[in-house]
>>> print(open('input34.csv').read())   # CSV, C-alpha atoms and all ligand atoms
chain,number,residue,atom,x,y,z
A,1,MET,CA,0.0,0.0,0.0
A,2,THR,CA,1.6,3.3,-1.0
A,3,VAL,CA,0.9,6.5,0.9
A,4,LEU,CA,-1.4,7.6,-2.0
A,5,ASP,CA,-3.9,4.9,-0.9
A,6,ARG,CA,-4.3,6.3,2.6
A,7,ARG,CA,-7.1,8.4,3.9
A,8,LEU,CA,-5.0,11.3,5.2
A,9,ILE,CA,-1.4,12.4,4.3
A,10,VAL,CA,0.3,15.0,6.4
A,11,ALA,CA,3.4,16.5,4.8
A,12,VAL,CA,5.9,17.9,7.3
A,13,GLY,CA,9.4,19.1,6.7
A,14,PRO,CA,12.0,22.0,7.0
A,15,GLY,CA,11.4,25.3,5.3
A,16,GLY,CA,11.8,25.6,1.5
A,17,VAL,CA,12.5,22.0,0.8
A,18,GLY,CA,9.5,21.5,-1.4
A,19,LYS,CA,6.7,20.4,1.0
A,20,THR,CA,4.1,22.3,-0.8
A,21,SER,CA,5.2,21.1,-4.3
A,22,THR,CA,5.5,17.5,-3.0
A,23,SER,CA,2.1,17.7,-1.4
A,24,ALA,CA,0.6,19.0,-4.6
A,25,ALA,CA,2.5,16.3,-6.6
A,26,MET,CA,1.1,13.5,-4.3
A,27,ALA,CA,-2.4,15.0,-4.6
A,28,VAL,CA,-2.3,15.1,-8.4
A,29,ALA,CA,-0.7,11.6,-8.5
A,30,ALA,CA,-3.5,10.2,-6.3
A,31,ALA,CA,-6.1,11.9,-8.5
A,32,ALA,CA,-4.4,10.2,-11.5
A,33,ARG,CA,-5.1,6.9,-9.7
A,34,GLY,CA,-8.8,7.7,-9.7
A,35,ARG,CA,-9.0,9.1,-6.1
A,36,ARG,CA,-11.1,12.1,-5.0
A,37,VAL,CA,-8.5,14.3,-3.3
A,38,ALA,CA,-8.7,17.4,-1.1
A,39,LEU,CA,-5.5,19.4,-0.8
A,40,LEU,CA,-5.2,21.8,2.1
A,41,THR,CA,-2.2,24.1,2.2
A,42,ILE,CA,-1.5,26.3,5.2
A,43,ASP,CA,1.3,28.5,4.1
A,44,PRO,CA,0.6,31.3,1.7
A,45,ALA,CA,2.2,29.6,-1.2
A,46,ARG,CA,1.3,31.8,-4.1
A,47,ARG,CA,3.2,29.7,-6.6
A,48,LEU,CA,1.1,26.7,-5.7
A,49,ALA,CA,-2.0,28.4,-7.1
A,50,ASP,CA,-0.1,28.9,-10.4
A,51,ALA,CA,1.2,25.4,-10.4
A,52,LEU,CA,-2.4,24.1,-10.0
A,53,GLY,CA,-3.6,26.3,-12.8
A,54,LEU,CA,-5.8,28.5,-10.5
A,55,ASP,CA,-5.7,32.3,-10.4
A,56,GLN,CA,-5.6,32.0,-6.7
A,57,LEU,CA,-6.3,29.7,-3.8
A,58,GLU,CA,-9.0,30.5,-1.3
A,59,ASP,CA,-10.0,29.5,2.1
A,60,GLY,CA,-12.8,27.4,0.6
A,61,MET,CA,-12.2,24.3,-1.5
A,62,ARG,CA,-12.0,24.9,-5.2
A,63,PRO,CA,-11.9,22.3,-8.0
A,64,VAL,CA,-8.5,22.1,-9.7
A,65,PRO,CA,-8.7,21.6,-13.5
A,66,LEU,CA,-6.8,18.5,-14.4
A,67,ASP,CA,-7.8,18.2,-18.0
A,68,GLY,CA,-5.3,16.3,-20.1
A,69,VAL,CA,-3.4,15.3,-17.0
A,70,VAL,CA,-5.9,13.0,-15.2
A,71,GLU,CA,-8.3,10.7,-17.0
A,72,GLY,CA,-11.2,8.9,-15.4
A,73,GLU,CA,-12.8,9.4,-12.0
A,74,GLY,CA,-10.0,11.1,-10.1
A,75,ARG,CA,-10.4,14.7,-9.1
A,76,LEU,CA,-8.7,17.3,-7.0
A,77,HIS,CA,-10.0,20.2,-4.8
A,78,ALA,CA,-7.6,22.6,-3.1
A,79,ALA,CA,-7.8,25.4,-0.6
A,80,MET,CA,-5.3,27.6,1.2
A,81,LEU,CA,-6.2,28.1,4.8
A,82,ASP,CA,-6.9,31.6,5.9
A,83,THR,CA,-6.9,31.5,9.7
A,84,LYS,CA,-9.2,34.4,10.4
A,85,ARG,CA,-11.8,33.5,7.7
A,86,SER,CA,-11.8,29.8,8.7
A,87,PHE,CA,-12.3,30.7,12.4
A,88,ASP,CA,-15.2,33.1,11.5
A,89,ASN,CA,-16.9,30.5,9.4
A,90,LEU,CA,-16.6,28.0,12.1
A,91,ILE,CA,-18.1,30.3,14.7
A,92,ALA,CA,-20.9,31.3,12.3
A,93,ARG,CA,-21.7,27.6,11.9
A,94,LEU,CA,-21.5,26.6,15.5
A,95,ALA,CA,-22.8,29.5,17.5
A,96,ASP,CA,-26.6,30.1,17.9
A,97,ASP,CA,-25.9,33.8,17.8
A,98,PRO,CA,-22.5,34.4,16.1
A,99,ALA,CA,-22.7,38.1,15.8
A,100,PRO,CA,-21.7,39.1,19.3
A,101,ILE,CA,-18.7,36.7,19.1
A,102,LEU,CA,-17.6,37.9,15.7
A,103,GLU,CA,-17.7,41.5,16.7
A,104,ASN,CA,-16.0,41.0,20.0
A,105,ARG,CA,-12.6,42.5,20.1
A,106,VAL,CA,-11.2,39.8,22.3
A,107,TYR,CA,-12.4,37.2,19.8
A,108,GLN,CA,-10.9,39.2,17.0
A,109,ALA,CA,-7.5,39.2,18.7
A,110,PHE,CA,-7.9,35.6,19.6
A,111,SER,CA,-8.7,34.4,16.1
A,112,ARG,CA,-6.2,36.5,14.4
A,113,THR,CA,-3.2,36.8,16.6
A,114,LEU,CA,-3.3,34.1,19.2
A,115,ALA,CA,-0.1,32.2,18.7
A,116,ARG,CA,-1.1,28.8,17.3
A,117,SER,CA,-4.7,29.8,16.5
A,118,HIS,CA,-3.8,28.7,13.0
A,119,ALA,CA,-3.1,25.3,14.4
A,120,TYR,CA,-6.5,25.1,16.0
A,121,VAL,CA,-8.2,26.1,12.8
A,122,ALA,CA,-6.1,23.7,10.7
A,123,MET,CA,-7.3,21.0,13.1
A,124,GLU,CA,-10.9,22.0,12.6
A,125,ARG,CA,-10.6,22.1,8.9
A,126,LEU,CA,-8.9,18.8,8.9
A,127,TYR,CA,-11.8,17.4,11.0
A,128,ASP,CA,-14.3,18.6,8.4
A,129,LEU,CA,-12.3,17.2,5.5
A,130,ILE,CA,-11.7,13.8,6.9
A,131,HIS,CA,-15.4,13.5,7.7
A,132,ASP,CA,-16.4,14.6,4.3
A,133,ASP,CA,-17.1,11.4,2.3
A,134,THR,CA,-16.9,13.2,-1.0
A,135,TYR,CA,-13.2,12.9,-0.6
A,136,ASP,CA,-11.2,9.6,-0.5
A,137,LEU,CA,-7.9,11.3,0.4
A,138,VAL,CA,-7.0,14.5,2.3
A,139,VAL,CA,-3.5,15.9,1.8
A,140,LEU,CA,-2.4,18.4,4.4
A,141,ASP,CA,0.6,20.6,3.6
A,142,THR,CA,2.0,22.2,6.7
A,143,PRO,CA,4.2,25.2,7.4
A,144,PRO,CA,7.8,24.6,8.2
A,145,LEU,CA,9.2,22.9,11.3
A,146,ARG,CA,7.9,23.8,14.7
A,147,SER,CA,4.5,24.8,13.5
A,148,ALA,CA,4.0,21.3,11.9
A,149,LEU,CA,4.4,19.8,15.4
A,150,ASP,CA,2.1,22.5,16.7
A,151,ILE,CA,-0.7,21.2,14.5
A,152,LEU,CA,-0.1,17.7,15.9
A,153,ASP,CA,-0.3,19.1,19.4
A,154,ALA,CA,-3.3,21.3,18.8
A,155,PRO,CA,-6.0,18.8,19.7
A,156,ALA,CA,-4.5,18.1,23.1
A,157,ARG,CA,-3.5,21.7,23.7
A,158,LEU,CA,-7.0,22.9,22.9
A,159,ARG,CA,-8.5,20.4,25.3
A,160,ALA,CA,-6.1,21.6,28.0
A,161,PHE,CA,-6.8,25.2,27.2
A,162,LEU,CA,-10.6,24.7,27.5
A,163,ASP,CA,-10.1,23.1,30.8
A,164,GLU,CA,-7.5,25.5,32.0
A,165,THR,CA,-7.8,26.5,35.6
A,166,ILE,CA,-7.7,30.2,34.8
A,167,ILE,CA,-11.0,29.8,32.9
A,168,ALA,CA,-12.5,27.7,35.6
A,169,ALA,CA,-11.4,30.2,38.2
A,170,PHE,CA,-13.1,32.9,36.4
A,171,PHE,CA,-16.3,31.2,35.7
A,172,GLY,CA,-16.5,28.3,38.1
A,173,PRO,CA,-17.8,24.9,37.1
A,174,GLY,CA,-21.1,24.7,35.4
A,175,LEU,CA,-20.7,28.2,33.9
A,176,VAL,CA,-23.0,27.4,30.9
A,177,GLY,CA,-26.3,29.1,31.3
A,178,ARG,CA,-25.1,31.4,34.1
A,179,SER,CA,-24.0,34.9,33.8
A,180,ALA,CA,-20.3,35.2,33.6
A,181,ARG,CA,-20.4,38.7,34.9
A,182,GLY,CA,-22.3,37.5,37.9
A,183,THR,CA,-20.0,34.7,38.8
A,184,SER,CA,-16.8,36.5,38.3
A,185,ALA,CA,-17.2,39.8,40.1
A,186,ILE,CA,-13.9,39.5,42.0
A,187,ALA,CA,-12.0,38.2,39.0
A,188,GLY,CA,-13.6,41.0,36.9
A,189,ARG,CA,-12.4,43.6,39.4
A,190,LEU,CA,-9.0,42.1,39.4
A,191,LEU,CA,-8.8,42.2,35.7
A,192,SER,CA,-10.0,45.8,35.6
A,193,LEU,CA,-6.8,46.7,37.4
A,194,VAL,CA,-4.8,45.6,34.4
A,195,ALA,CA,-7.2,46.3,31.5
A,196,GLY,CA,-9.8,48.9,30.8
A,197,ARG,CA,-13.4,48.3,32.0
A,198,LYS,CA,-14.7,48.0,28.5
A,199,LEU,CA,-12.1,45.5,27.5
A,200,VAL,CA,-12.7,43.4,30.6
A,201,ALA,CA,-16.4,43.4,29.8
A,202,GLU,CA,-15.6,42.2,26.3
A,203,MET,CA,-13.3,39.5,27.6
A,204,LEU,CA,-16.0,38.2,29.9
A,205,ALA,CA,-18.5,38.4,27.1
A,206,PHE,CA,-16.2,36.4,24.8
A,207,PHE,CA,-15.7,33.7,27.3
A,208,GLU,CA,-19.4,33.6,28.1
A,209,ALA,CA,-20.3,33.2,24.4
A,210,PHE,CA,-17.4,30.8,23.8
A,211,MET,CA,-17.9,28.5,26.7
A,212,PRO,CA,-21.1,26.7,25.3
A,213,LEU,CA,-19.0,25.8,22.3
A,214,ARG,CA,-16.2,24.3,24.2
A,215,GLU,CA,-17.6,20.7,24.4
A,216,GLY,CA,-17.9,20.6,20.6
A,217,PHE,CA,-14.3,22.0,20.2
A,218,ALA,CA,-13.0,19.4,22.7
A,219,ALA,CA,-14.9,16.5,21.0
A,220,ARG,CA,-13.6,17.5,17.5
A,221,ALA,CA,-10.1,18.0,18.9
A,222,SER,CA,-10.3,14.4,20.3
A,223,ALA,CA,-11.5,13.0,17.0
A,224,THR,CA,-8.8,14.8,15.0
A,225,GLY,CA,-6.2,13.6,17.5
A,226,HIS,CA,-7.3,10.0,17.0
A,227,ALA,CA,-7.4,10.4,13.2
A,228,LEU,CA,-3.7,11.7,13.3
A,229,GLN,CA,-2.8,8.5,15.2
A,230,SER,CA,-4.8,6.2,12.9
A,231,ALA,CA,-3.2,3.6,10.6
A,232,SER,CA,-5.0,5.2,7.6
A,233,THR,CA,-2.9,8.4,8.2
A,234,ALA,CA,0.5,8.7,6.6
A,235,PHE,CA,3.1,11.3,7.8
A,236,VAL,CA,5.4,12.1,4.9
A,237,LEU,CA,8.6,13.8,5.9
A,238,VAL,CA,9.9,15.9,3.1
A,239,THR,CA,13.4,17.1,3.1
A,240,ALA,CA,16.3,18.0,0.8
A,241,PRO,CA,19.7,16.2,1.1
A,242,GLU,CA,21.7,19.2,2.3
A,243,SER,CA,23.0,18.8,5.9
A,244,ALA,CA,21.2,21.9,7.2
A,245,HIS,CA,17.9,20.5,6.0
A,246,LEU,CA,18.6,17.0,7.2
A,247,GLY,CA,19.3,18.4,10.7
A,248,ASP,CA,16.0,20.1,10.7
A,249,ALA,CA,14.3,17.0,9.3
A,250,ALA,CA,15.9,14.9,12.1
A,251,TYR,CA,14.4,17.2,14.7
A,252,LEU,CA,11.0,16.8,13.1
A,253,ARG,CA,11.4,13.1,12.9
A,254,GLU,CA,12.2,13.0,16.6
A,255,GLY,CA,9.2,15.2,17.3
A,256,LEU,CA,7.0,12.6,15.5
A,257,TYR,CA,8.5,9.7,17.4
A,258,ALA,CA,8.0,11.6,20.7
A,259,ARG,CA,4.3,11.7,19.8
A,260,GLU,CA,4.3,8.0,19.0
A,261,LEU,CA,4.1,8.7,15.3
A,262,LYS,CA,6.6,7.9,12.5
A,263,PRO,CA,7.0,8.9,8.9
A,264,ALA,CA,5.4,6.4,6.6
A,265,LEU,CA,7.6,7.8,3.9
A,266,VAL,CA,10.7,10.1,3.7
A,267,VAL,CA,10.8,12.1,0.5
A,268,PHE,CA,14.2,13.5,-0.4
A,269,ASN,CA,13.3,16.3,-2.8
A,270,ARG,CA,15.8,17.9,-5.2
A,271,ALA,CA,17.9,14.9,-4.4
A,272,PHE,CA,19.8,14.2,-7.6
A,273,LEU,CA,20.8,15.9,-10.9
A,274,SER,CA,19.6,14.0,-13.9
A,275,ASP,CA,21.3,13.2,-17.2
A,276,ALA,CA,19.5,13.5,-20.6
A,277,HIS,CA,17.6,10.2,-19.8
A,278,GLY,CA,16.4,11.4,-16.4
A,279,GLU,CA,18.8,9.1,-14.7
A,280,PRO,CA,21.1,10.4,-11.9
A,281,VAL,CA,24.3,11.7,-13.4
A,282,THR,CA,27.1,9.2,-12.8
A,283,PRO,CA,30.8,9.7,-13.1
A,284,ALA,CA,32.0,10.4,-16.6
A,285,LEU,CA,34.1,8.3,-18.9
A,286,GLY,CA,37.6,7.5,-17.6
A,287,PRO,CA,40.7,8.4,-19.8
A,288,SER,CA,40.8,5.1,-21.6
A,289,GLU,CA,37.1,5.1,-22.4
A,290,ARG,CA,37.5,8.7,-23.6
A,291,MET,CA,40.2,7.4,-26.0
A,292,GLU,CA,38.0,4.6,-27.3
A,293,MET,CA,35.3,7.1,-27.9
A,294,LEU,CA,37.6,9.4,-29.7
A,295,ASP,CA,38.7,6.5,-31.9
A,296,GLU,CA,35.1,5.6,-32.6
A,297,LEU,CA,34.4,9.2,-33.6
A,298,ASP,CA,37.5,9.1,-35.7
A,299,PRO,CA,38.2,12.8,-36.3
A,300,SER,CA,41.0,13.6,-38.7
A,301,PRO,CA,44.3,13.6,-37.0
A,302,GLY,CA,45.8,16.9,-36.0
A,303,PRO,CA,43.8,20.0,-34.8
A,304,GLU,CA,40.4,18.4,-35.2
A,305,ARG,CA,41.3,15.4,-33.0
A,306,PHE,CA,43.0,17.6,-30.5
A,307,ALA,CA,39.9,19.9,-30.2
A,308,LEU,CA,37.5,16.9,-29.9
A,309,ARG,CA,39.7,15.5,-27.1
A,310,ARG,CA,39.7,18.7,-25.2
A,311,THR,CA,35.9,18.9,-25.5
A,312,LEU,CA,35.5,15.4,-24.3
A,313,ASP,CA,37.7,16.1,-21.3
A,314,ALA,CA,35.8,19.2,-20.4
A,315,ILE,CA,32.4,17.4,-20.6
A,316,ALA,CA,33.8,14.6,-18.5
A,317,ALA,CA,35.0,17.1,-15.9
A,318,VAL,CA,31.6,18.7,-15.6
A,319,ARG,CA,29.9,15.4,-15.3
A,320,ASP,CA,32.3,14.3,-12.6
A,321,GLU,CA,31.4,17.4,-10.7
A,322,LEU,CA,27.7,16.7,-10.9
A,323,ALA,CA,28.2,13.0,-10.1
A,324,THR,CA,30.2,14.0,-7.0
A,325,THR,CA,27.3,16.2,-5.9
A,326,ASN,CA,24.9,13.2,-6.4
A,327,ALA,CA,27.2,10.8,-4.6
A,328,ARG,CA,27.5,13.2,-1.6
A,329,ALA,CA,23.7,13.6,-1.5
A,330,LEU,CA,23.2,9.8,-1.7
A,331,ASP,CA,25.6,9.3,1.2
A,332,ALA,CA,23.8,11.9,3.3
A,333,MET,CA,20.4,10.4,2.4
A,334,GLN,CA,21.5,6.9,3.2
A,335,SER,CA,22.9,7.9,6.6
A,336,PHE,CA,19.6,9.7,7.4
A,337,SER,CA,17.5,6.7,6.4
A,338,ARG,CA,16.3,4.3,9.0
A,339,GLU,CA,15.2,0.7,8.9
A,340,GLY,CA,11.5,0.4,8.6
A,341,GLU,CA,11.0,3.9,7.0
A,342,ALA,CA,10.3,3.8,3.3
A,343,ALA,CA,12.3,6.5,1.4
A,344,VAL,CA,12.2,7.9,-2.1
A,345,GLN,CA,14.2,10.5,-3.9
A,346,LEU,CA,12.9,13.1,-6.4
A,347,PRO,CA,15.1,14.7,-9.1
A,348,TYR,CA,16.2,18.3,-9.0
A,349,LEU,CA,14.2,19.5,-12.0
A,350,ASP,CA,15.7,22.0,-14.5
A,351,GLU,CA,12.5,24.0,-14.2
A,352,GLU,CA,10.3,24.6,-11.2
A,353,PRO,CA,7.3,22.3,-11.4
A,354,LEU,CA,4.6,24.8,-12.2
A,355,SER,CA,1.7,22.9,-13.6
A,356,PRO,CA,-0.3,19.8,-12.6
A,357,ALA,CA,1.4,17.9,-15.5
A,358,ALA,CA,4.9,18.9,-14.2
A,359,LEU,CA,3.8,18.0,-10.6
A,360,LEU,CA,2.6,14.6,-11.8
A,361,ASP,CA,5.8,14.0,-13.7
A,362,LEU,CA,7.9,14.9,-10.6
A,363,TRP,CA,6.1,12.3,-8.6
A,364,ASN,CA,6.3,9.7,-11.3
A,365,ARG,CA,10.1,10.2,-11.3
A,366,ALA,CA,10.3,9.2,-7.6
A,367,ARG,CA,12.9,6.4,-7.2
A,368,PRO,CA,13.9,4.3,-4.2
A,369,LEU,CA,17.2,4.9,-2.6
A,370,PRO,CA,19.7,2.4,-3.9
A,401,LIG,N1,12.2,18.9,-7.4
A,401,LIG,C1,12.3,20.2,-7.6
A,401,LIG,N2,13.1,20.6,-8.6
A,401,LIG,C2,13.1,22.0,-8.8
A,401,LIG,N3,12.5,22.9,-8.2
A,401,LIG,C3,11.7,22.5,-7.1
A,401,LIG,C4,11.5,21.1,-6.8
A,401,LIG,N4,10.7,21.0,-5.8
A,401,LIG,C5,10.3,22.3,-5.5
A,401,LIG,N5,10.9,23.2,-6.3
A,401,LIG,C6,10.8,24.7,-6.2
A,401,LIG,O1,11.4,25.0,-5.0
A,401,LIG,C7,10.7,26.1,-4.3
A,401,LIG,C8,10.3,25.8,-3.0
A,401,LIG,O2,9.3,24.8,-3.0
A,401,LIG,P1,8.0,24.7,-2.1
A,401,LIG,O3,7.4,26.0,-2.0
A,401,LIG,O4,7.3,23.5,-2.5
A,401,LIG,O5,8.8,24.4,-0.7
A,401,LIG,P2,8.2,24.5,0.8
A,401,LIG,O6,8.9,23.4,1.5
A,401,LIG,O7,6.7,24.3,0.7
A,401,LIG,O8,8.6,25.9,1.2
A,401,LIG,P3,8.0,26.7,2.6
A,401,LIG,O9,8.8,26.1,3.7
A,401,LIG,O10,8.4,28.1,2.3
A,401,LIG,O11,6.5,26.5,2.6
A,401,LIG,C9,9.6,26.5,-5.3
A,401,LIG,O12,10.0,27.5,-6.1
A,401,LIG,C10,9.4,25.2,-6.1
A,401,LIG,O13,8.8,25.4,-7.4
A,402,MG,MG,5.2,25.4,1.6
>>> encode(input="input34.csv", output="structure tokens")
Amino acid sequence: MTVLDRRLIVAVGPGGVGKTSTSAAMAVAAAARGRRVALLTIDPARRLADALGLDQLEDGMRPVPLDGVVEGEGRLHAAMLDTKRSFDNLIARLADDPAPILENRVYQAFSRTLARSHAYVAMERLYDLIHDDTYDLVVLDTPPLRSALDILDAPARLRAFLDETIIAAFFGPGLVGRSARGTSAIAGRLLSLVAGRKLVAEMLAFFEAFMPLREGFAARASATGHALQSASTAFVLVTAPESAHLGDAAYLREGLYARELKPALVVFNRAFLSDAHGEPVTPALGPSERMEMLDELDPSPGPERFALRRTLDAIAAVRDELATTNARALDAMQSFSREGEAAVQLPYLDEEPLSPAALLDLWNRARPLP
């Protein structure tokens, strides 16, 4: 079973290694196998919209035209998560009376600037997508490094946040249905010392409006947490073979193991330079082979033969250079790889993969590590 057959793929990896491109490539490749795919990207990757042939990506899912690339049943929808908009949509859907929450300044600050609020929202979006049976596969592209782990921790952290003693202290147990202002007179007065009265009132109003939603948030957080642990979920660790990236990737991998997860697949992107046949460049011809070749080409003796020999030497030197780069990368990839973790390498393309066809071609050129 390849990762493309799973229900959920979460791509994680260091910055700039090609997570977004690889996620999109896997999404197109799965569509080419007839699957109905949802691709959710979190970073504002403008080029991804271009690569998918869309004028722009939006918070809501949009169909990606795959004409001429994918035949048959497969299809692809993509969205780029906009934290604030997603949060607003969520509140609008969940709250009986969303307006007071949406207009509340504390909510606005919470939804826009709260560190990690994007992780909560990503989790909620993920919940919706994996429970949407119009999709067979969900591919989640994450922002670099630390924040990828934040998304994994978001379910547990949200549950903790909702139970946090500070909230309990303010509102006491069984807050729902009671007036927050009434129950928290002392806390309110205390807060007024550090914030203006109006702001305190808004803060209390926010918690009062938000509290009834907390059970739903907690339940969805649990469900998403379970989905991330499930065998139908594949974490794909994307990295490039340079040592700085491998260091970051190792940190992420440890982060996964620490959460009792492991990469189902390691993708080494931009891993090798290809020759004219798409094969990794290998060392060039040795001196005797070059001689043989020269004899075969049989230039007229004298200046022509001399010039041809010089040209062959120069080409061989360049090829050796590229082959050395490939060999060094291969060494680094092999020492990074671990028993029990599948790994593939993708070529360093001459041109950025900026169309669904190019993305599919990139994925089709994946090759195992020798
Ligand atoms: N195999 C490849 N060959 C050539 N160019 C590539 C390849 N993979 C990705 N690129 C290019 O490298 C750049 C970075 O790729 P991408 O945006 O996918 O990385 P990322 O890991 O998502 O970055 P970020 O961490 O900023 O989100 C893009 O310009 C992309 O087109
Ligand atoms: Mg990206």
>>> closest_residue(input="input34.csv", among="A:Tyr135, A:Tyr348, A:Phe206, A:Trp363", to="ligand LIG 401 (chain A)", atoms="all atoms listed in the file")
A:Tyr348
>>> closest_residue(input="input34.csv", among="A:Leu322, A:Ala51, A:Ala219, A:Ala209", to="Glu103 (chain A)", atoms="all atoms listed in the file")
A:Ala209
>>> residues_around(input="input34.csv", residues="region 80-87 of chain A", least_positions_apart="6", cutoff="12 Å", atoms="all atoms listed in the file", output="short mmCIF file (atom, residue, chain, number, x, y, z; two decimals) with C-alpha atoms, keeping the file's coordinate frame")
data_model
loop_
_atom_site.label_atom_id
_atom_site.label_comp_id
_atom_site.auth_asym_id
_atom_site.auth_seq_id
_atom_site.Cartn_x
_atom_site.Cartn_y
_atom_site.Cartn_z
CA THR A 20 4.10 22.30 -0.80
CA ALA A 24 0.60 19.00 -4.60
CA ALA A 38 -8.70 17.40 -1.10
CA LEU A 39 -5.50 19.40 -0.80
CA LEU A 40 -5.20 21.80 2.10
CA THR A 41 -2.20 24.10 2.20
CA ILE A 42 -1.50 26.30 5.20
CA ASP A 43 1.30 28.50 4.10
CA PRO A 44 0.60 31.30 1.70
CA ALA A 45 2.20 29.60 -1.20
CA ARG A 46 1.30 31.80 -4.10
CA ARG A 47 3.20 29.70 -6.60
CA LEU A 48 1.10 26.70 -5.70
CA ALA A 49 -2.00 28.40 -7.10
CA LEU A 54 -5.80 28.50 -10.50
CA GLN A 56 -5.60 32.00 -6.70
CA LEU A 57 -6.30 29.70 -3.80
CA GLU A 58 -9.00 30.50 -1.30
CA ASP A 59 -10.00 29.50 2.10
CA GLY A 60 -12.80 27.40 0.60
CA MET A 61 -12.20 24.30 -1.50
CA ARG A 62 -12.00 24.90 -5.20
CA ARG A 93 -21.70 27.60 11.90
CA LEU A 94 -21.50 26.60 15.50
CA ALA A 95 -22.80 29.50 17.50
CA PRO A 98 -22.50 34.40 16.10
CA ILE A 101 -18.70 36.70 19.10
CA LEU A 102 -17.60 37.90 15.70
CA TYR A 107 -12.40 37.20 19.80
CA GLN A 108 -10.90 39.20 17.00
CA ALA A 109 -7.50 39.20 18.70
CA PHE A 110 -7.90 35.60 19.60
CA SER A 111 -8.70 34.40 16.10
CA ARG A 112 -6.20 36.50 14.40
CA THR A 113 -3.20 36.80 16.60
CA LEU A 114 -3.30 34.10 19.20
CA ALA A 115 -0.10 32.20 18.70
CA ARG A 116 -1.10 28.80 17.30
CA SER A 117 -4.70 29.80 16.50
CA HIS A 118 -3.80 28.70 13.00
CA ALA A 119 -3.10 25.30 14.40
CA TYR A 120 -6.50 25.10 16.00
CA VAL A 121 -8.20 26.10 12.80
CA ALA A 122 -6.10 23.70 10.70
CA MET A 123 -7.30 21.00 13.10
CA GLU A 124 -10.90 22.00 12.60
CA ARG A 125 -10.60 22.10 8.90
CA LEU A 126 -8.90 18.80 8.90
CA ASP A 128 -14.30 18.60 8.40
CA VAL A 139 -3.50 15.90 1.80
CA LEU A 140 -2.40 18.40 4.40
CA ASP A 141 0.60 20.60 3.60
CA THR A 142 2.00 22.20 6.70
CA PRO A 143 4.20 25.20 7.40
CA PHE A 217 -14.30 22.00 20.20
#
>>> closest_atom_pairs(input="input34.csv", of="chain A", to="ligand LIG 401 (chain A)", cutoff="6 Å", atoms="all atoms listed in the file", output="tab-separated table")
residue	atom	partner	partner_atom	distance
A:Gly15	CA	A:LIG401	O9	3.2
A:Gly16	CA	A:LIG401	O8	3.2
A:Val17	CA	A:LIG401	O6	3.9
A:Gly18	CA	A:LIG401	O5	3.1
A:Lys19	CA	A:LIG401	O6	3.8
A:Thr20	CA	A:LIG401	O7	3.6
A:Ser21	CA	A:LIG401	O4	3.7
A:Asp43	CA	A:LIG401	O11	5.8
A:Pro143	CA	A:LIG401	O11	5.5
A:Pro144	CA	A:LIG401	O9	4.8
A:Asn269	CA	A:LIG401	N1	5.4
A:Arg270	CA	A:LIG401	N1	4.3
A:Leu346	CA	A:LIG401	N1	5.9
A:Pro347	CA	A:LIG401	N1	5.4
A:Tyr348	CA	A:LIG401	N2	3.9
A:Leu349	CA	A:LIG401	N2	3.7
A:Glu351	CA	A:LIG401	C2	5.8
A:Glu352	CA	A:LIG401	N3	4.1
A:Pro353	CA	A:LIG401	O13	5.3
>>> write_last_selection(input="input34.csv", atoms="C-alpha atoms", output="short mmCIF file (atom, residue, chain, number, x, y, z; two decimals), keeping the file's coordinate frame")
data_model
loop_
_atom_site.label_atom_id
_atom_site.label_comp_id
_atom_site.auth_asym_id
_atom_site.auth_seq_id
_atom_site.Cartn_x
_atom_site.Cartn_y
_atom_site.Cartn_z
CA GLY A 15 11.40 25.30 5.30
CA GLY A 16 11.80 25.60 1.50
CA VAL A 17 12.50 22.00 0.80
CA GLY A 18 9.50 21.50 -1.40
CA LYS A 19 6.70 20.40 1.00
CA THR A 20 4.10 22.30 -0.80
CA SER A 21 5.20 21.10 -4.30
CA ASP A 43 1.30 28.50 4.10
CA PRO A 143 4.20 25.20 7.40
CA PRO A 144 7.80 24.60 8.20
CA ASN A 269 13.30 16.30 -2.80
CA ARG A 270 15.80 17.90 -5.20
CA LEU A 346 12.90 13.10 -6.40
CA PRO A 347 15.10 14.70 -9.10
CA TYR A 348 16.20 18.30 -9.00
CA LEU A 349 14.20 19.50 -12.00
CA GLU A 351 12.50 24.00 -14.20
CA GLU A 352 10.30 24.60 -11.20
CA PRO A 353 7.30 22.30 -11.40
#
>>> closest_residue(input="input34.csv", among="A:Arg105, A:Gly74, A:Thr239, A:Gly340", to="ligand MG 402 (chain A)", atoms="only C-alpha atoms and all ligand atoms")
A:Thr239
>>> residues_around(input="input34.csv", residues="Ser274 (chain A)", least_positions_apart="2", cutoff="9 Å", atoms="only C-alpha atoms", output="count of residues only")
12
>>> closest_residue(input="input34.csv", among="A:Val238, A:Met211, A:Leu66, A:Leu90", to="ligand MG 402 (chain A)", atoms="all atoms listed in the file")
A:Val238
>>> axis_aligned_box(input="input34.csv", around="region 322-333 of chain A", padding_each_side="4 Å", output="AutoDock Vina command-line options")
--center_x 25.3 --center_y 13.0 --center_z -3.8 --size_x 17.8 --size_y 15.4 --size_z 22.2
>>> closest_residue(input="input34.csv", among="A:Pro370, A:Pro241, A:Gly286, A:Pro14", to="Ile315 (chain A)", atoms="all atoms listed in the file")
A:Gly286
>>> atom_distance(input="input34.csv", atom1="CA of Leu228 (chain A)", atom2="CA of Asn89 (chain A)")
23.3 Å
>>> closest_residue(input="input34.csv", among="A:Leu204, A:Leu312, A:Ala307, A:Leu265", to="Ala284 (chain A)", atoms="all atoms listed in the file")
A:Leu312
>>> atom_distance(input="input34.csv", atom1="CA of Gly302 (chain A)", atom2="CA of Asp320 (chain A)")
27.1 Å
